[in-house]
Amino acid sequence: SDPGPYYLGAGVSFTDRDAVKRDLEIMLEAGVKEGIPVVIGTAGGSGGEPHLNWCREIVEEIAREKDLHFKLAVIHAEFAKEDVKAALRAGKVKPLAPAPELTEEAVGATTRIVGQMGMEPFIKALDEGAQVVLAGRTYDPSVFAAPAVRAGCDKGLAIHLGKILECASICAPPG
């Protein structure tokens with residue numbers, strides 16, 4: 001819900017394409033050159049399929065323009081409405097208090113449904129040899145914590161580190 005549900009539902013990024021491309025270009029060039037994994041979560045700002053595809057196009061454009069070669073992993077976070085309805089009928093969907101029970105009608109009226117992932121899908125992608133990982137909706141600290149946990153760091157400390165890095169401007173002056 002960071003910038004609000006509008007961008008998720010509308011399937012557009014709240015970030016400027018040129019700014020995203022500039023930042024990704026710096027990260028991809030350095031990461032590929034130095035053999036450092038580039039881990040990107042909540043692609044396109046909301047992490048739904050259109051956002052993930054938008055960001056993937058930018059990554060692939062940079063790779064072509066800069067002649068970069070790397071193994072890319074793409075992790076999807078969007079769920080089909082019919083799958084959610086089936087899980088609801090099977091009793092596998094429970095609300096978090098104080099939210100009301102979910103109904104099939106509400107699922108049908110929803111534009112886009114994403115599940116927020118933790119660090120495990122990132123660790124799996126890195127273990128499978130990905131140098132660049134691009135993922136849908138992600139718990140923000142996970143992109144920092146996953147490589148640390150994978151390297152043997154304590155999980156709790158890695159998540160704490162991830163939270164500090166994710167909100168760095170809040171943690172130190174100048175904000």
# chains A, B, ... in the order shown; residues from 1 in each chain; ligands from 1

call {"tool": "closest_atom_pairs", "arguments": {"of": "range 32-117 of chain A", "to": "range 122-146 of chain A", "cutoff": "12 Å", "atoms": "only C-alpha atoms", "output": "Markdown table"}}
result
| residue | atom | partner | partner_atom | distance |
| --- | --- | --- | --- | --- |
| A:Val32 | CA | A:Gln131 | CA | 7.4 |
| A:Lys33 | CA | A:Gln131 | CA | 10.9 |
| A:Glu34 | CA | A:Gln131 | CA | 10.8 |
| A:Gly35 | CA | A:Gln131 | CA | 7.6 |
| A:Ile36 | CA | A:Gln131 | CA | 7.2 |
| A:Pro37 | CA | A:Gln131 | CA | 4.7 |
| A:Val38 | CA | A:Val132 | CA | 4.7 |
| A:Val39 | CA | A:Val133 | CA | 4.8 |
| A:Ile40 | CA | A:Leu134 | CA | 4.9 |
| A:Gly41 | CA | A:Ala135 | CA | 4.8 |
| A:Thr42 | CA | A:Arg137 | CA | 4.1 |
| A:Ala43 | CA | A:Gly136 | CA | 5.4 |
| A:Gly44 | CA | A:Gly136 | CA | 8.3 |
| A:Gly45 | CA | A:Arg137 | CA | 8.3 |
| A:Ser46 | CA | A:Arg137 | CA | 6.1 |
| A:Gly47 | CA | A:Gly136 | CA | 3.7 |
| A:Gly48 | CA | A:Gly136 | CA | 5.9 |
| A:Glu49 | CA | A:Gly136 | CA | 7.3 |
| A:Pro50 | CA | A:Gly136 | CA | 9.7 |
| A:His51 | CA | A:Gly136 | CA | 7.7 |
| A:Leu52 | CA | A:Gly136 | CA | 5.9 |
| A:Asn53 | CA | A:Gly136 | CA | 9.5 |
| A:Trp54 | CA | A:Leu134 | CA | 11.1 |
| A:Cys55 | CA | A:Leu134 | CA | 8.1 |
| A:Arg56 | CA | A:Leu134 | CA | 7.3 |
| A:Glu57 | CA | A:Leu134 | CA | 11.1 |
| A:Ile58 | CA | A:Leu134 | CA | 11.2 |
| A:Val59 | CA | A:Leu134 | CA | 9.0 |
| A:Glu60 | CA | A:Val132 | CA | 11.0 |
| A:Ala63 | CA | A:Val132 | CA | 11.1 |
| A:Leu68 | CA | A:Val132 | CA | 11.2 |
| A:His69 | CA | A:Gln131 | CA | 9.5 |
| A:Phe70 | CA | A:Gln131 | CA | 6.0 |
| A:Lys71 | CA | A:Ala130 | CA | 4.9 |
| A:Leu72 | CA | A:Val132 | CA | 4.9 |
| A:Ala73 | CA | A:Val133 | CA | 4.8 |
| A:Val74 | CA | A:Leu134 | CA | 4.9 |
| A:Ile75 | CA | A:Ala135 | CA | 4.5 |
| A:His76 | CA | A:Gly136 | CA | 5.2 |
| A:Ala77 | CA | A:Gly136 | CA | 4.8 |
| A:Glu78 | CA | A:Gly136 | CA | 7.4 |
| A:Phe79 | CA | A:Gly136 | CA | 11.0 |
| A:Arg112 | CA | A:Arg137 | CA | 11.8 |
| A:Ile113 | CA | A:Arg137 | CA | 10.1 |
| A:Val114 | CA | A:Arg137 | CA | 6.6 |
| A:Gly115 | CA | A:Arg137 | CA | 6.5 |
| A:Gln116 | CA | A:Thr138 | CA | 4.9 |
| A:Met117 | CA | A:Thr138 | CA | 4.7 |

call {"tool": "atom_distance", "arguments": {"atom1": "CA of Arg22 in chain A", "atom2": "CA of Asp67 in chain A"}}
result
15.8 Å

call {"tool": "residues_around", "arguments": {"residues": "Lys85 in chain A", "least_positions_apart": "4", "cutoff": "10 Å", "atoms": "only C-alpha atoms", "output": "number ranges by chain"}}
result
A: 80-81, 89-93, 102-108
